[in-house]
file start.cif (mmCIF, C-alpha atoms)
data_query
#
loop_
_atom_site.label_atom_id
_atom_site.label_comp_id
_atom_site.auth_asym_id
_atom_site.auth_seq_id
_atom_site.Cartn_x
_atom_site.Cartn_y
_atom_site.Cartn_z
CA MET A 1345 1.22 53.33 58.43
CA LEU A 1346 3.41 50.60 59.87
CA LEU A 1347 6.44 51.88 61.75
CA ALA A 1348 9.33 49.49 62.44
CA PRO A 1349 12.01 50.15 65.08
CA ARG A 1350 15.45 51.15 63.94
CA LEU A 1351 18.03 48.98 62.31
CA ALA A 1352 21.16 49.86 64.30
CA LEU A 1353 23.22 52.54 62.61
CA GLY A 1354 27.00 52.69 62.83
CA GLU A 1355 28.58 54.74 65.62
CA ASP A 1356 29.45 57.49 63.16
CA ALA A 1357 25.94 57.63 61.65
CA ARG A 1358 26.54 55.55 58.56
CA LEU A 1359 24.86 52.60 56.88
CA PRO A 1360 26.36 49.81 54.74
CA TYR A 1361 25.15 50.02 51.14
CA THR A 1362 24.62 46.25 50.85
CA GLU A 1363 22.12 46.22 53.72
CA ILE A 1364 19.97 48.97 52.18
CA PHE A 1365 20.33 47.26 48.78
CA ARG A 1366 18.93 44.02 50.24
CA ILE A 1367 16.04 45.84 51.89
CA GLN A 1368 15.15 47.65 48.67
CA GLN A 1369 15.34 44.43 46.63
CA THR A 1370 12.87 42.86 49.06
CA GLN A 1371 10.66 45.95 48.79
CA LEU A 1372 10.61 45.64 45.00
CA LYS A 1373 9.56 41.99 45.18
CA LEU A 1374 6.85 42.76 47.73
CA SER A 1375 5.57 45.69 45.68
CA ALA A 1376 5.20 43.41 42.66
CA LEU A 1377 3.18 40.93 44.74
CA HIS A 1378 1.14 43.53 46.64
CA THR A 1379 0.36 46.21 44.08
CA ASN A 1380 -2.11 48.01 46.38
CA LEU A 1381 0.59 48.79 48.95
CA ALA A 1382 3.44 51.30 48.91
CA LEU A 1383 6.62 50.45 50.84
CA VAL A 1384 9.18 53.06 51.79
CA LEU A 1385 12.28 53.45 53.94
CA GLN A 1386 12.49 56.41 56.29
CA ILE A 1387 15.37 57.88 58.26
CA ARG A 1388 14.90 60.31 61.14
CA SER A 1389 16.79 61.85 64.01
CA MET A 1390 15.91 60.98 67.60
CA ASN A 1391 16.68 64.60 68.44
CA PRO A 1392 13.32 66.44 68.17
CA ASP A 1393 15.13 69.65 67.20
CA VAL A 1394 16.48 68.07 64.00
CA LYS A 1395 14.07 68.42 61.07
CA TYR A 1396 13.98 66.12 58.08
CA SER A 1397 15.26 69.02 55.99
CA ASP A 1398 18.38 69.11 58.20
CA ILE A 1399 19.36 65.55 57.27
CA THR A 1400 21.47 64.69 54.24
CA LEU A 1401 22.58 61.30 52.94
CA SER A 1402 25.35 60.50 50.49
CA ILE A 1403 27.02 57.35 49.22
CA ALA A 1404 30.81 57.46 49.67
CA ALA A 1405 31.57 55.67 46.38
CA GLN A 1406 35.10 55.32 45.03
CA SER A 1407 34.08 57.46 42.05
CA GLY A 1408 32.90 60.26 44.38
CA ARG A 1409 30.04 61.20 46.67
CA ILE A 1410 26.55 60.33 45.37
CA PRO A 1411 23.81 62.46 47.00
CA VAL A 1412 20.69 60.55 48.11
CA PRO A 1413 17.52 62.70 48.07
CA ILE A 1414 15.33 62.68 51.19
CA GLY A 1415 11.59 63.32 51.08
CA ALA A 1416 9.53 65.62 53.28
CA GLU A 1417 8.92 62.81 55.79
CA GLY A 1418 12.43 61.34 55.68
CA GLU A 1419 11.67 58.76 52.99
CA PHE A 1420 14.55 57.78 50.72
CA SER A 1421 15.89 55.16 48.34
CA VAL A 1422 19.39 54.54 47.06
CA PRO A 1423 20.36 53.80 43.44
CA VAL A 1424 20.41 50.05 42.85
CA ARG A 1425 23.67 49.39 41.02
CA GLU A 1426 25.82 46.28 40.68
CA ASP A 1427 29.06 48.28 40.85
CA LEU A 1428 28.02 49.80 44.18
CA LEU A 1429 26.97 46.38 45.44
CA ALA A 1430 30.43 45.00 44.67
CA GLU A 1431 32.11 48.01 46.27
CA ASN A 1432 29.78 48.20 49.31
CA PRO A 1433 30.45 51.83 50.22
CA TRP A 1434 29.12 53.56 53.32
CA ILE A 1435 25.97 55.64 53.17
CA LEU A 1436 26.94 58.68 55.23
CA VAL A 1437 24.57 60.74 57.36
CA ASN A 1438 25.39 64.32 58.38
CA GLN A 1439 24.20 63.75 61.95
CA PRO A 1440 26.03 62.70 65.16
CA LYS A 1441 26.64 59.06 65.86
CA GLY A 1442 23.91 57.19 67.71
CA SER A 1443 21.28 59.84 66.93
CA MET A 1444 19.49 58.28 63.95
CA GLU A 1445 16.74 55.73 63.35
CA LEU A 1446 15.98 53.71 60.22
CA ASN A 1447 12.31 52.78 59.78
CA TRP A 1448 10.08 51.26 57.13
CA HIS A 1449 6.47 51.98 56.30
CA ALA A 1450 3.74 50.16 54.42
CA GLY A 1451 0.88 52.32 53.27
CA LEU A 1452 -1.92 52.36 50.75
CA ALA A 1453 -0.70 52.80 47.19
CA PRO A 1454 -1.51 56.32 45.90
CA SER A 1455 -3.47 54.88 42.97
CA LEU A 1456 -5.78 53.03 45.38
CA ALA A 1457 -6.12 55.98 47.73
CA ARG A 1458 -7.19 58.18 44.82
CA ARG A 1459 -10.13 55.85 44.21
CA MET A 1460 -11.60 56.78 47.59
CA THR A 1461 -14.46 58.70 46.05
CA ASN A 1462 -18.18 58.80 46.89
CA ALA A 1463 -18.73 55.07 46.23
CA ILE A 1464 -16.17 52.27 46.45
CA HIS A 1465 -16.28 48.51 46.98
CA TYR A 1466 -15.19 47.27 50.40
CA ALA A 1467 -13.17 44.15 49.47
CA PRO A 1468 -10.49 45.56 47.09
CA LEU A 1469 -9.77 48.34 49.56
CA MET A 1470 -9.55 46.21 52.68
CA ARG A 1471 -7.64 43.34 51.09
CA ALA A 1472 -4.74 45.79 50.84
CA VAL A 1473 -5.00 46.28 54.61
CA ARG A 1474 -4.89 42.53 55.23
CA GLU A 1475 -1.79 42.18 53.03
CA CYS A 1476 0.17 44.33 55.48
CA ASP A 1477 0.64 41.31 57.74
CA GLU A 1478 2.35 39.35 54.94
CA VAL A 1479 4.59 42.31 54.15
CA GLN A 1480 5.56 42.67 57.81
CA ASP A 1481 6.59 39.01 57.94
CA ALA A 1482 8.89 39.48 54.94
CA MET A 1483 10.49 42.62 56.40
CA HIS A 1484 11.05 41.06 59.82
CA GLN A 1485 14.46 39.69 58.74
CA PHE A 1486 15.76 43.26 58.49
CA PHE A 1487 13.99 44.58 61.59
CA PRO A 1488 14.02 41.65 64.05
CA ALA A 1489 13.29 43.88 67.05
CA ALA A 1490 10.10 45.25 65.48
CA PRO A 1491 6.94 44.83 67.58
CA ARG A 1492 4.46 42.47 66.00
CA LEU A 1493 1.68 44.61 64.59
CA THR A 1494 -1.54 43.64 62.89
CA ALA A 1495 -3.56 45.81 60.52
CA VAL A 1496 -7.11 46.35 61.79
CA GLY A 1497 -8.60 48.89 59.41
CA LEU A 1498 -8.31 52.18 57.57
CA ARG A 1499 -8.35 55.64 59.10
CA LEU A 1500 -9.94 58.29 56.90
CA THR A 1501 -9.25 61.94 57.68
CA PHE A 1502 -11.51 64.62 56.24
CA ARG A 1503 -11.10 68.35 55.83
CA SER A 1504 -13.14 70.56 58.16
CA SER A 1505 -16.78 70.66 57.13
CA ALA A 1506 -20.06 72.04 58.45
CA ILE A 1507 -21.59 68.59 57.97
CA VAL A 1508 -20.07 65.64 59.87
CA PRO A 1509 -18.42 63.37 57.26
CA SER A 1510 -19.34 59.71 57.36
CA ALA A 1511 -18.92 56.39 55.59
CA ILE A 1512 -21.90 54.11 55.02
CA ILE A 1513 -21.28 50.39 54.44
CA HIS A 1514 -24.28 48.96 52.57
CA ALA A 1515 -24.07 45.46 54.09
CA LYS A 1516 -26.57 42.65 53.58
CA ASP A 1517 -27.89 43.04 57.14
CA GLY A 1518 -28.41 46.76 56.71
CA ASP A 1519 -26.48 49.98 56.37
CA ARG A 1520 -23.68 50.67 58.84
CA ARG A 1521 -22.95 54.35 59.28
CA LEU A 1522 -19.50 55.36 60.55
CA PRO A 1523 -19.45 59.07 61.47
CA ALA A 1524 -16.21 61.02 61.82
CA ASN A 1525 -15.11 62.12 65.28
CA ALA A 1526 -14.30 65.65 66.43
CA LEU A 1527 -10.92 65.42 64.69
CA GLY A 1528 -12.61 64.66 61.37
CA GLN A 1529 -11.46 61.03 61.42
CA LEU A 1530 -13.23 57.69 61.14
CA ILE A 1531 -12.01 54.09 61.01
CA ILE A 1532 -13.30 51.47 58.60
CA PRO A 1533 -12.72 48.12 60.35
CA LEU A 1534 -11.26 45.05 58.67
CA ASP A 1535 -14.12 42.52 58.82
CA GLY A 1536 -14.04 38.98 57.40
CA ASP A 1537 -17.78 38.84 56.69
CA LEU A 1538 -17.69 42.13 54.82
CA LEU A 1539 -14.72 40.94 52.79
CA GLU A 1540 -16.87 38.04 51.56
CA GLN A 1541 -19.90 40.25 50.91
CA ASP A 1542 -17.92 43.03 49.24
CA PRO A 1543 -20.60 45.70 49.79
CA VAL A 1544 -20.46 49.17 48.29
CA MET A 1545 -19.38 51.93 50.68
CA THR A 1546 -20.72 55.45 50.29
CA LEU A 1547 -18.64 58.39 51.48
CA THR A 1548 -20.28 61.75 52.06
CA GLU A 1549 -17.07 63.34 50.80
CA SER A 1550 -13.63 62.24 49.67
CA PRO A 1551 -11.04 61.99 52.45
CA ALA A 1552 -7.98 64.21 52.59
CA ALA A 1553 -5.82 61.36 53.91
CA VAL A 1554 -6.05 57.57 54.18
CA GLU A 1555 -3.90 55.58 56.62
CA ILE A 1556 -3.63 51.94 57.64
CA VAL A 1557 -4.44 51.42 61.33
CA THR A 1558 -2.41 48.87 63.28
CA ARG A 1559 -2.24 47.54 66.82
CA LYS A 1560 0.36 45.50 68.66
CA MET A 1561 -0.31 41.78 68.60
CA ASP A 1562 -0.74 39.98 71.91
CA GLY A 1563 2.37 38.01 72.77
CA GLY A 1564 4.52 39.90 70.25
CA PRO A 1565 7.91 41.44 71.12
#
call {"tool": "encode", "arguments": {"input": "start.cif", "output": "structure tokens"}}
result
Amino acid sequence: MLLAPRLALGEDARLPYTEIFRIQQTQLKLSALHTNLALVLQIRSMNPDVKYSDITLSIAAQSGRIPVPIGAEGEFSVPVREDLLAENPWILVNQPKGSMELNWHAGLAPSLARRMTNAIHYAPLMRAVRECDEVQDAMHQFFPAAPRLTAVGLRLTFRSSAIVPSAIIHAKDGDRRLPANALGQLIIPLDGDLLEQDPVMTLTESPAAVEIVTRKMDGGP
């Protein structure tokens, strides 16, 4: 996943509704253009003792508090409403001032990840990885201090097995076998030649998790 540095929160751990509204509107547009990617906002505490389940968000609207659900990994979204946009209430966090971070993630869409079965074509899968760079450019306006990252492949994580899991890319110049490491993980690299060939990949078993792998770009902030 891509992880962007925090957008500065207010001293009393609050966020302006209009800023989150603008980010979510951009997310919606990007999701329509890049249907193989899933974009989410995440909030977390910089205090390691604070769990995601300890954090609550609410919109301090004139009509009353509006709770904002938070997922197991801190992901959240606010209701997109014109009346709230005009009012621009604070989004309140139940944590001390200066202790929170706001992040964004781009990951593989669940529908695409579910297609990671025994045989899958290389190009449709890896084009989603390449699109991450375009998404990052669009989100840079909200996270200007974010390090410049580039997507370099997919990390597949497998459940423990007596047989070492592997992926086999059936390329024109011969099969390329990618065995999992001791942690049960392997990386499928983003390769321009393979994108053109679009070979079939064979997996010895379906992965338990699929993540986009990134690295910091040379010369980036």
call {"tool": "closest_residue", "arguments": {"input": "start.cif", "among": "A:Phe1365, A:Ala1490, A:Leu1547, A:Gly1442", "to": "Glu1426 of chain A", "atoms": "all atoms listed in the file"}}
result
A:Phe1365
call {"tool": "atom_distance", "arguments": {"input": "start.cif", "atom1": "atom CA of Thr1546 of chain A", "atom2": "atom CA of Asp1517 of chain A"}}
result
15.9 Å
call {"tool": "resolve_selection", "arguments": {"input": "start.cif", "expression": "the PyMOL selection byres ((chain A and resi 1359) around 6)", "output": "list in words"}}
result
Leu1353, Arg1358, Pro1360, Trp1434 and Ile1435 of chain A
call {"tool": "closest_residue", "arguments": {"input": "start.cif", "among": "A:Thr1400, A:Ser1505, A:Thr1558, A:Gln1386", "to": "Leu1436 of chain A", "atoms": "all atoms listed in the file"}}
result
A:Thr1400
call {"tool": "resolve_selection", "arguments": {"input": "start.cif", "expression": "the PyMOL selection byres ((chain A and resi 1425) around 12)", "output": "MDAnalysis selection string"}}
result
chainID A and resid 1361:1362 1364:1366 1368:1369 1403 1405 1422:1424 1426:1433
call {"tool": "resolve_selection", "arguments": {"input": "start.cif", "expression": "the PyMOL selection byres ((chain A and resi 1515) around 9)", "output": "ChimeraX atom specification"}}
result
/A:1512-1514,1516-1520,1538,1541-1545
call {"tool": "closest_atom_pairs", "arguments": {"input": "start.cif", "of": "segment 1382-1440 of chain A", "to": "segment 1472-1487 of chain A", "cutoff": "12 Å", "atoms": "only C-alpha atoms", "output": "Markdown table"}}
result
| residue | atom | partner | partner_atom | distance |
| --- | --- | --- | --- | --- |
| A:Ala1382 | CA | A:Ala1472 | CA | 10.0 |
| A:Leu1383 | CA | A:Val1479 | CA | 9.0 |
| A:Val1384 | CA | A:Met1483 | CA | 11.5 |
| A:Leu1385 | CA | A:Met1483 | CA | 11.2 |
call {"tool": "closest_residue", "arguments": {"input": "start.cif", "among": "A:Pro1488, A:Pro1440, A:Pro1551, A:Gly1497", "to": "Ile1532 of chain A", "atoms": "all atoms listed in the file"}}
result
A:Gly1497
call {"tool": "atom_distance", "arguments": {"input": "start.cif", "atom1": "atom CA of Asn1391 of chain A", "atom2": "atom CA of Val1437 of chain A"}}
result
14.1 Å
call {"tool": "atom_distance", "arguments": {"input": "start.cif", "atom1": "atom CA of Ala1506 of chain A", "atom2": "atom CA of Ala1463 of chain A"}}
result
21.0 Å
call {"tool": "closest_residue", "arguments": {"input": "start.cif", "among": "A:Thr1494, A:Gln1439, A:Ser1421, A:Ser1402", "to": "Met1390 of chain A", "atoms": "all atoms listed in the file"}}
result
A:Gln1439
call {"tool": "residues_around", "arguments": {"input": "start.cif", "residues": "Tyr1396 of chain A", "least_positions_apart": "5", "cutoff": "7 Å", "atoms": "only C-alpha atoms", "output": "NGL selection string"}}
result
:A and (1388 or 1416-1418)
call {"tool": "closest_residue", "arguments": {"input": "start.cif", "among": "A:Gln1529, A:Ser1407, A:Ser1455, A:Gln1371", "to": "Leu1498 of chain A", "atoms": "only C-alpha atoms"}}
result
A:Gln1529
call {"tool": "closest_residue", "arguments": {"input": "start.cif", "among": "A:Val1508, A:Val1394, A:Ile1399, A:Leu1539", "to": "Pro1468 of chain A", "atoms": "only C-alpha atoms"}}
result
A:Leu1539
